[in-house]
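Colleague: So here's upload.cif, just mmCIF, C-alpha atoms:
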data_structure
#
loop_
_atom_site.label_atom_id
_atom_site.label_comp_id
_atom_site.auth_asym_id
_atom_site.auth_seq_id
_atom_site.Cartn_x
_atom_site.Cartn_y
_atom_site.Cartn_z
CA MET A 270 9.75 -16.99 -21.88
CA ASP A 271 12.31 -19.11 -20.01
CA LEU A 272 11.06 -22.20 -18.23
CA LEU A 273 11.89 -22.80 -14.60
CA PRO A 274 14.31 -25.59 -13.78
CA ALA A 275 12.38 -28.68 -12.59
CA LYS A 276 13.60 -28.36 -8.98
CA GLU A 277 12.51 -24.69 -8.76
CA PHE A 278 9.17 -25.52 -10.40
CA GLU A 279 8.44 -28.25 -7.83
CA LYS A 280 9.51 -25.96 -4.98
CA ARG A 281 7.09 -23.24 -6.09
CA LYS A 282 4.32 -25.75 -6.75
CA THR A 283 4.69 -27.23 -3.24
CA PHE A 284 4.81 -23.76 -1.66
CA ALA A 285 1.64 -22.65 -3.45
CA SER A 286 -0.19 -25.89 -2.75
CA ASP A 287 0.72 -25.80 0.96
CA HIS A 288 -0.49 -22.23 1.33
CA LEU A 289 -3.68 -22.68 -0.65
CA LYS A 290 -4.90 -26.03 0.70
CA SER A 291 -7.00 -24.42 3.45
CA ALA A 292 -8.50 -21.74 1.18
CA ASN A 293 -12.19 -21.78 0.28
CA ALA A 294 -11.58 -19.77 -2.88
CA VAL A 295 -8.86 -17.93 -4.76
CA VAL A 296 -9.09 -14.64 -6.67
CA LYS A 297 -6.93 -14.20 -9.76
CA VAL A 298 -6.49 -11.30 -12.19
CA LEU A 299 -5.96 -13.56 -15.22
CA GLU A 300 -7.51 -16.88 -16.24
CA GLU A 301 -4.04 -17.98 -17.33
CA MET A 302 -2.56 -17.70 -13.82
CA ASN A 303 -1.72 -21.25 -12.80
CA LEU A 304 -1.64 -21.32 -9.02
CA PHE A 305 -1.29 -25.09 -8.60
CA LEU A 306 -4.60 -25.19 -6.78
CA PRO A 307 -5.55 -28.27 -4.82
CA THR A 308 -8.70 -29.96 -6.13
CA GLY A 309 -12.01 -28.40 -5.18
CA ILE A 310 -10.97 -24.79 -4.58
CA ARG A 311 -13.15 -22.25 -6.40
CA GLU A 312 -11.45 -19.69 -8.60
CA TYR A 313 -12.75 -16.18 -9.23
CA ILE A 314 -11.29 -13.87 -11.84
CA ILE A 315 -11.35 -10.12 -11.32
CA THR A 316 -9.44 -8.48 -14.14
CA ASN A 317 -7.36 -5.35 -13.79
CA GLY A 318 -8.74 -2.13 -15.20
CA TYR A 319 -12.20 -0.66 -15.22
CA ASP A 320 -15.36 -0.66 -17.28
CA MET A 321 -15.62 2.55 -19.33
CA ASP A 322 -19.42 2.43 -18.98
CA GLU A 323 -19.06 2.66 -15.19
CA ALA A 324 -16.36 5.34 -15.17
CA THR A 325 -17.25 8.63 -13.53
CA GLU A 326 -15.66 12.05 -13.65
CA PRO A 327 -12.94 12.29 -10.97
CA GLN A 328 -13.85 14.56 -8.09
CA LYS A 329 -11.40 16.91 -6.40
CA PRO A 330 -10.65 15.45 -2.97
CA HIS A 331 -11.54 17.49 0.10
CA ARG A 332 -8.21 16.60 1.70
CA PHE A 333 -4.93 15.12 0.59
CA ASN A 334 -3.99 12.25 2.89
CA PHE A 335 -0.51 10.79 3.06
CA VAL A 336 -0.88 7.28 4.49
CA PHE A 337 2.04 5.32 5.93
CA THR A 338 1.61 1.88 7.43
CA GLY A 339 4.21 -0.29 9.04
CA SER A 340 7.42 0.09 10.92
CA LEU A 341 10.08 2.75 10.72
CA TYR A 342 12.68 0.07 11.41
CA GLY A 343 14.43 1.99 14.16
CA GLU A 344 13.79 5.25 12.30
CA LYS A 345 15.70 3.99 9.23
CA ARG A 346 12.64 5.16 7.30
CA ASP A 347 12.73 8.88 7.84
CA LEU A 348 9.64 10.90 6.92
CA THR A 349 11.42 14.20 7.55
CA PRO A 350 11.65 14.96 3.78
CA LEU A 351 7.86 14.64 3.54
CA PHE A 352 7.32 17.09 6.39
CA GLU A 353 9.98 19.41 4.97
CA ALA A 354 8.21 19.42 1.58
CA ILE A 355 4.81 20.07 3.14
CA ASP A 356 6.26 22.90 5.22
CA GLY A 357 7.91 24.47 2.16
CA LEU A 358 4.76 24.28 0.05
CA CYS A 359 2.73 25.85 2.87
CA ARG A 360 5.25 28.67 3.26
CA GLU A 361 5.14 29.32 -0.51
CA GLY A 362 1.34 29.45 -0.36
CA LYS A 363 1.00 26.55 -2.79
CA ILE A 364 -1.01 24.41 -0.38
CA ASP A 365 -3.23 25.07 2.61
CA ILE A 366 -2.21 23.08 5.67
CA SER A 367 -5.87 22.42 6.49
CA ASP A 368 -6.10 20.36 3.28
CA ILE A 369 -3.32 17.96 4.31
CA SER A 370 -3.13 15.06 6.74
CA VAL A 371 -0.51 12.42 7.45
CA ASP A 372 -2.13 9.20 8.63
CA TYR A 373 0.12 6.66 10.29
CA ALA A 374 -0.70 3.12 11.38
CA GLY A 375 2.15 1.36 13.08
CA GLN A 376 4.12 1.09 16.30
CA ASN A 377 6.20 4.25 15.84
CA GLY A 378 3.58 6.97 16.27
CA SER A 379 5.67 9.05 18.66
CA ALA A 380 8.59 9.03 16.21
CA ILE A 381 6.34 10.30 13.41
CA HIS A 382 5.03 13.06 15.69
CA ASN A 383 8.62 14.05 16.57
CA MET A 384 9.58 14.26 12.89
CA ALA A 385 6.54 16.46 12.20
CA ARG A 386 7.15 18.57 15.29
CA LYS A 387 10.46 19.81 13.81
CA PHE A 388 8.34 21.69 11.26
CA LYS A 389 5.44 22.48 13.61
CA LEU A 390 3.29 20.05 11.61
CA HIS A 391 2.44 17.57 14.38
CA ASP A 392 -1.21 18.70 14.30
CA ILE A 393 -1.68 17.16 10.83
CA VAL A 394 -0.47 13.72 11.99
CA ASN A 395 -3.08 11.14 12.90
CA ASN A 396 -1.72 8.12 14.72
CA TYR A 397 -3.85 5.01 14.28
CA GLY A 398 -1.42 2.73 16.10
#
If you took the structure in this file and wrote it as structure tokens, what would it be?

Modeller:
Amino acid sequence: MDLLPAKEFEKRKTFASDHLKSANAVVKVLEEMNLFLPTGIREYIITNGYDMDEATEPQKPHRFNFVFTGSLYGEKRDLTPLFEAIDGLCREGKIDISDISVDYAGQNGSAIHNMARKFKLHDIVNNYG
């Protein structure tokens, strides 16, 4: 593993310290993660993965939800291909439209509805603002 140049190391250390100084606690996924914590901040470790003893059999979902959060950046992010794919799968009888929803949380709700409307799918869009 390559070491950071001293200047970059100090820059990252200062950034982390500045952002963590008002924290009550920090959660890490590895004990080895050195976050340059200021003195007195509690550390909790929650590892990635799962406990096989607690694993359960996956259940088939009642609905398939597509969730999109954030901005469309002036419609530079176009969800038309998603609606086109859903429309095609419905027409082929591979999915039932009542099992699908598109949940959007952002400032471009009307744009999402307009994209869905092209395929008569605006009823499956939920706008959470």

Colleague: Residue by residue, what does the PyMOL selection byres ((chain A and resi 335) around 7) grab here? Present the result as a list in words.

Modeller: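 Going through the file, the PyMOL selection byres ((chain A and resi 335) around 7) ends up selecting Phe333, Asn334, Val336, Phe337, Ser370, Val371 and Asp372 of chain A.
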
Colleague: Counting all atoms listed in the file, which of A:Leu306, A:Ile381, A:Ile364, A:Ile314 gets nearest to A:Asp287?

Modeller: A:Leu306

Colleague: What's around stretch 295-299 of chain A at 8 Å? Count only C-alpha atoms, leave out sequence neighbours fewer than 5 positions away in its own chain, and write the answer as a VMD selection string.

Modeller: chain A and resid 310 to 317

Colleague: Under the rule that all atoms listed in the file are counted, which of A:Leu390, A:Leu341, A:Met302, A:Met321 is the nearest residue to A:Ala354?

Modeller: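 Once distances to A:Ala354 are computed over all atoms listed in the file, the minimum belongs to A:Leu390.
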
Colleague: Using all atoms listed in the file, collect all residues at a distance of at most 10 Å from (-1.8, 1.5, 12.1) as written in the file, then present them as a list in words.

Modeller: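 Nearby residues: Val336, Phe337, Thr338, Gly339, Ser340, Asp372, Tyr373, Ala374, Gly375, Gln376, Asn377, Gly378, Asn395, Asn396, Tyr397 and Gly398 of chain A.
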
Colleague: Using all atoms listed in the file, list the residues that have an atom at most 10 Å from (-4.7, 17.9, -4.0), coordinates as in the file, as a PyMOL selection string.

Modeller: chain A and resi 329-334+364-365+368-369

Colleague: Please produce an output containing C-alpha atoms for each residue in the selection, written as a compact mmCIF listing (two decimals), in the frame of the given file.

Modeller:
# COMPACT_ATOMS: atom_id res chain seq x y z
CA LYS A 329 -11.40 16.91 -6.40
CA PRO A 330 -10.65 15.45 -2.97
CA HIS A 331 -11.54 17.49 0.10
CA ARG A 332 -8.21 16.60 1.70
CA PHE A 333 -4.93 15.12 0.59
CA ASN A 334 -3.99 12.25 2.89
CA ILE A 364 -1.01 24.41 -0.38
CA ASP A 365 -3.23 25.07 2.61
CA ASP A 368 -6.10 20.36 3.28
CA ILE A 369 -3.32 17.96 4.31

Colleague: Env of A:Met384: 9 Å cut, atoms = only C-alpha atoms, seq-sep filter 5 positions within chain, self excluded. Answer as a list in words.

Modeller: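 Residues meeting the cut-off are Asp347, Leu348, Thr349, Phe352, Ser379, Leu390 and His391 of chain A.
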
Colleague: Take atom CA of A:Ser367 and atom CA of A:Arg346 and report the distance between them in Å, one decimal.

Modeller: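 We find that atom CA of A:Ser367 and atom CA of A:Arg346 lie 25.3 Å from each other.
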
Colleague: Would you write out, as a short mmCIF file (atom, residue, chain, number, x, y, z; two decimals) with C-alpha atoms, in the frame of the given file, every residue that the PyMOL selection byres ((chain A and resi 388) around 7) captures in this file?

Modeller:
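Dumped to result_25.cif:
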data_model
loop_
_atom_site.label_atom_id
_atom_site.label_comp_id
_atom_site.auth_asym_id
_atom_site.auth_seq_id
_atom_site.Cartn_x
_atom_site.Cartn_y
_atom_site.Cartn_z
CA PHE A 352 7.32 17.09 6.39
CA GLU A 353 9.98 19.41 4.97
CA ASP A 356 6.26 22.90 5.22
CA ALA A 385 6.54 16.46 12.20
CA ARG A 386 7.15 18.57 15.29
CA LYS A 387 10.46 19.81 13.81
CA LYS A 389 5.44 22.48 13.61
CA LEU A 390 3.29 20.05 11.61
#

Colleague: Could you jot down the atom CA of A:Gly309 to atom CA of A:Ser286 separation for me, Å, one decimal place?

Modeller: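 Distance between the two atoms: 12.3 Å.
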
Colleague: Smallest atom-to-atom distance to A:Glu279: which of A:Asp320, A:Phe305, A:Ala294, A:Ile366, using all atoms listed in the file?

Modeller: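 Closest to A:Glu279 of all the choices is A:Phe305.
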
Colleague: Just give me the gap between atom CA of A:Pro350 and atom CA of A:Pro327 in Å, one decimal is fine.

Modeller: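 Those two atoms sit 28.8 Å apart.
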